[in-house]
Amino acid sequence: MRLTSISVNGFKNLKQVQFRPCPHYNLIIGENAQGKTNFLEAVWMMTGCRSFRGTRERDYLSTDGTPLHVEITFHDGRREQVLTCDMPSLKERKFTCNGIPIQKMGELFHAFHCIAFTPEDIALVNGTPDVRRNFLDLSLSQLQPHCLELVRRYQLILSHRNAVLRQPIAAAQREAALDIWDVQLAAAGAELAAQRANYVQMLAETCVPLYQEIAAQKEALQIRYHANVYGESPDLPEHADHTMQEQYQKRLLTARENDLQLGFTSVGVHRDELVLKLNEQPARTFGSQGQKKSLSLALRLSQAALYGKRYQASPILLLDDVMGELDAGRQQVVYTVIQDMQVFLTTCHAESLIDAVQGERLYLHNGQQVPKE
């Protein structure tokens with residue numbers, strides 16, 4: 001996948017930015033608070049995913065009232081496609097693909113694939129378990145498109161079951177309703193657990209040696225999947241079978257009395273964890289800031305590598321304020337992984353980058369494009 005043109009106007013502080021990227025490395029250069037990360041965020045918006053910075057949609061809009069317009073042209077390996085987003089106001093938003101209005105954000109997700117690494121990604125290591133679950137679900141949905149709907153279906157069924165747990169209805173009526181939702185939750189949950197477990201196995205095979213290269217072989221990384229229903233590092237099939245669904249359903253039944261007291265579902269894949277350890281110690285607790293940053297970068301690069309292996313084509317890679325923090329040796333390791341990808345990276349100091357990652361340049365000042373130096 002390769003971007004061939006990017007046009008951004010009215011996205012936060014960006015005004016009339018027109019950029020024709022090269023197929024490999026693209027440097028977004030400027031001082032702090034000039035719009036570099038905003039540019040990456042505008043590109044990321046076209047995936048249909050939430051902002052990697054946690055920005056609310058209302059904050060995409062320019063404070064001076066300039067209507068938001070983003071247009072990207074990309075080649076997906078088969079044909080060239082054009083995605084646009086127009087948001088004249090908070091109540092008006094329209095996405096199109098090749099001139100045809102998009103009704104569901106999932107259409108964007110399946111059309112345009114990006115992987116972004118930002119300083120906030122350290123939360124993959126020191127954040128709460130839901131951050132790591134979201135990482136797993138997004139990553140495997142890029143490899144297995146049906147998993148996006150699987151995750152949504154599980155969340156919907158879970159919300160219905162939780163609503164029944166809180167309803168003030170007769171016990172017999174509640175039990176009957178829970179029996180129905182338990183069957184559906186077990187089917188979706190067992191399949192999601194199987195998909196996650198298999199993805200984590202592939203992730204570990206890629207990420208463990210990559211992290212050791214980035215960390216200069218100073219510590220050993222362990223990556224495991226802890227399934228709330230099936231235990232740590234479960235040996236699960238590629239797809240859930242009847243035995244898995246039965247086991248899941250039994251756990252729900254065993255926990256039902258407790259769930260009724262709590263008012264929510266206490267067991268299931270929504271309580272699973274991606275376990276990250278350094279020298280068999282939890283990275284979240286014992287890892288230094290440098291180790292956590294290196295590990296979070298290795299996770300994102302491994303996500304990109306697995307995508308490339310699956311599709312024989314790479315996603316668009318967005319690196320925000322990454323390379324400048326790495327010494328030349330570690331930059332070289334990253335370069336080896338990303339050399340076949342189209343990369344957009346932000347930096348305040350292009351001279352801090354090794355020669356291998358020099359490329360097309362976009363200079364930004366106060367949200368506006370300025371002539372190349």
# chains A, B, ... in the order shown; residues from 1 in each chain; ligands from 1
>>> select_by_dssp(residues="stretch 25-255 of chain A", states="strand (DSSP E)", output="ChimeraX atom specification")
/A:25-29,68-75,80-89,92-97,100-101,114-117,221-227,231-232
>>> closest_residue(among="A:Asn279, A:Gln155, A:Gln358, A:Ser296", to="A:Leu124", atoms="only C-alpha atoms")
A:Ser296
>>> residues_around(residues="A:Met202", least_positions_apart="6", cutoff="10 Å", atoms="only C-alpha atoms", output="ChimeraX atom specification")
/A:196,302-303,306
>>> closest_residue(among="A:Tyr307, A:Tyr154, A:Phe344, A:Phe117", to="A:Ser139", atoms="only C-alpha atoms")
A:Tyr307
>>> residues_around(residues="stretch 317-322 of chain A", least_positions_apart="4", cutoff="8 Å", atoms="only C-alpha atoms", output="ChimeraX atom specification")
/A:37,40,114-119,304,326,341-347
>>> closest_residue(among="A:Gln217, A:Asn13, A:Gln261, A:Ser5", to="A:Gln368", atoms="only C-alpha atoms")
A:Asn13
>>> residues_around(residues="stretch 178-187 of chain A", least_positions_apart="2", cutoff="6 Å", atoms="only C-alpha atoms", output="PyMOL selection string")
chain A and resi 161+175-176+189-190+245+248-249
>>> write_last_selection(atoms="N, CA and C atoms", output="short mmCIF file (atom, residue, chain, number, x, y, z; two decimals), in the first residue's frame")
data_model
loop_
_atom_site.label_atom_id
_atom_site.label_comp_id
_atom_site.auth_asym_id
_atom_site.auth_seq_id
_atom_site.Cartn_x
_atom_site.Cartn_y
_atom_site.Cartn_z
N ARG A 161 -26.08 -8.77 28.05
CA ARG A 161 -26.04 -9.63 29.24
C ARG A 161 -25.93 -8.78 30.51
N GLU A 175 -33.16 -15.66 34.66
CA GLU A 175 -32.36 -16.85 34.37
C GLU A 175 -32.55 -17.30 32.93
N ALA A 176 -33.78 -17.24 32.44
CA ALA A 176 -34.05 -17.64 31.06
C ALA A 176 -33.33 -16.72 30.07
N GLY A 189 -17.11 -15.28 22.38
CA GLY A 189 -15.93 -15.17 23.24
C GLY A 189 -14.91 -16.25 22.98
N ALA A 190 -15.36 -17.47 22.77
CA ALA A 190 -14.44 -18.58 22.50
C ALA A 190 -13.70 -18.35 21.19
N GLN A 245 -16.43 -23.71 23.55
CA GLN A 245 -17.67 -23.00 23.84
C GLN A 245 -18.33 -23.53 25.11
N TYR A 248 -16.44 -22.26 28.15
CA TYR A 248 -16.74 -20.83 28.34
C TYR A 248 -18.13 -20.68 28.99
N GLN A 249 -19.08 -21.43 28.48
CA GLN A 249 -20.45 -21.34 29.00
C GLN A 249 -20.52 -21.80 30.45
#
>>> atom_distance(atom1="atom CA of A:Gly287", atom2="atom CA of A:Gly231")
24.2 Å
>>> select_by_dssp(residues="stretch 60-170 of chain A", states="alpha helix (DSSP H)", output="PyMOL selection string")
chain A and resi 105-111+123-126+129-143+146-166
>>> residues_around(residues="A:Ala215", least_positions_apart="5", cutoff="8 Å", atoms="only C-alpha atoms", output="mmCIF file with N, CA and C atoms, in the first residue's frame")
data_model
loop_
_atom_site.group_PDB
_atom_site.id
_atom_site.type_symbol
_atom_site.label_atom_id
_atom_site.label_comp_id
_atom_site.auth_asym_id
_atom_site.auth_seq_id
_atom_site.Cartn_x
_atom_site.Cartn_y
_atom_site.Cartn_z
ATOM 1 N N GLN A 291 13.225 0.881 28.466
ATOM 2 C CA GLN A 291 12.815 -0.473 28.101
ATOM 3 C C GLN A 291 11.367 -0.504 27.612
ATOM 4 N N SER A 294 11.208 0.957 24.098
ATOM 5 C CA SER A 294 11.744 0.003 23.122
ATOM 6 C C SER A 294 10.761 -1.141 22.882
ATOM 7 N N ARG A 330 20.469 1.564 16.989
ATOM 8 C CA ARG A 330 19.067 1.182 17.104
ATOM 9 C C ARG A 330 18.252 1.677 15.900
#
>>> residues_around(residues="A:Leu138", least_positions_apart="4", cutoff="8 Å", atoms="only C-alpha atoms", output="VMD selection string")
chain A and resid 134 142 148
>>> write_last_selection(atoms="all heavy atoms", output="mmCIF file, in the first residue's frame")
data_model
loop_
_atom_site.group_PDB
_atom_site.id
_atom_site.type_symbol
_atom_site.label_atom_id
_atom_site.label_comp_id
_atom_site.auth_asym_id
_atom_site.auth_seq_id
_atom_site.Cartn_x
_atom_site.Cartn_y
_atom_site.Cartn_z
ATOM 1 N N ASN A 134 -7.139 -3.926 23.201
ATOM 2 C CA ASN A 134 -7.478 -3.152 22.007
ATOM 3 C C ASN A 134 -6.394 -3.287 20.936
ATOM 4 O O ASN A 134 -6.696 -3.356 19.745
ATOM 5 C CB ASN A 134 -7.686 -1.676 22.371
ATOM 6 C CG ASN A 134 -8.953 -1.448 23.171
ATOM 7 O OD1 ASN A 134 -9.881 -2.253 23.133
ATOM 8 N ND2 ASN A 134 -9.001 -0.356 23.909
ATOM 9 N N GLN A 142 -6.829 -6.383 11.317
ATOM 10 C CA GLN A 142 -6.147 -6.030 10.079
ATOM 11 C C GLN A 142 -5.750 -7.279 9.297
ATOM 12 O O GLN A 142 -5.754 -7.276 8.070
ATOM 13 C CB GLN A 142 -4.909 -5.178 10.371
ATOM 14 C CG GLN A 142 -5.239 -3.752 10.805
ATOM 15 C CD GLN A 142 -3.988 -2.917 11.016
ATOM 16 O OE1 GLN A 142 -2.949 -3.426 11.446
ATOM 17 N NE2 GLN A 142 -4.077 -1.633 10.723
ATOM 18 N N LEU A 148 -13.069 -7.877 13.093
ATOM 19 C CA LEU A 148 -13.610 -6.581 13.490
ATOM 20 C C LEU A 148 -15.079 -6.729 13.870
ATOM 21 O O LEU A 148 -15.525 -6.219 14.906
ATOM 22 C CB LEU A 148 -13.452 -5.567 12.356
ATOM 23 C CG LEU A 148 -13.963 -4.150 12.637
ATOM 24 C CD1 LEU A 148 -13.177 -3.510 13.775
ATOM 25 C CD2 LEU A 148 -13.863 -3.285 11.382
#
>>> closest_residue(among="A:Ala194, A:Ala298, A:Leu203, A:Cys85", to="A:Pro67", atoms="only C-alpha atoms")
A:Cys85
>>> closest_residue(among="A:Glu41, A:Glu238, A:Glu273, A:Asp259", to="A:Tyr225", atoms="only C-alpha atoms")
A:Glu273
>>> closest_residue(among="A:Gln144, A:Gln331, A:Gln289, A:Ser352", to="A:Ala123", atoms="only C-alpha atoms")
A:Gln289
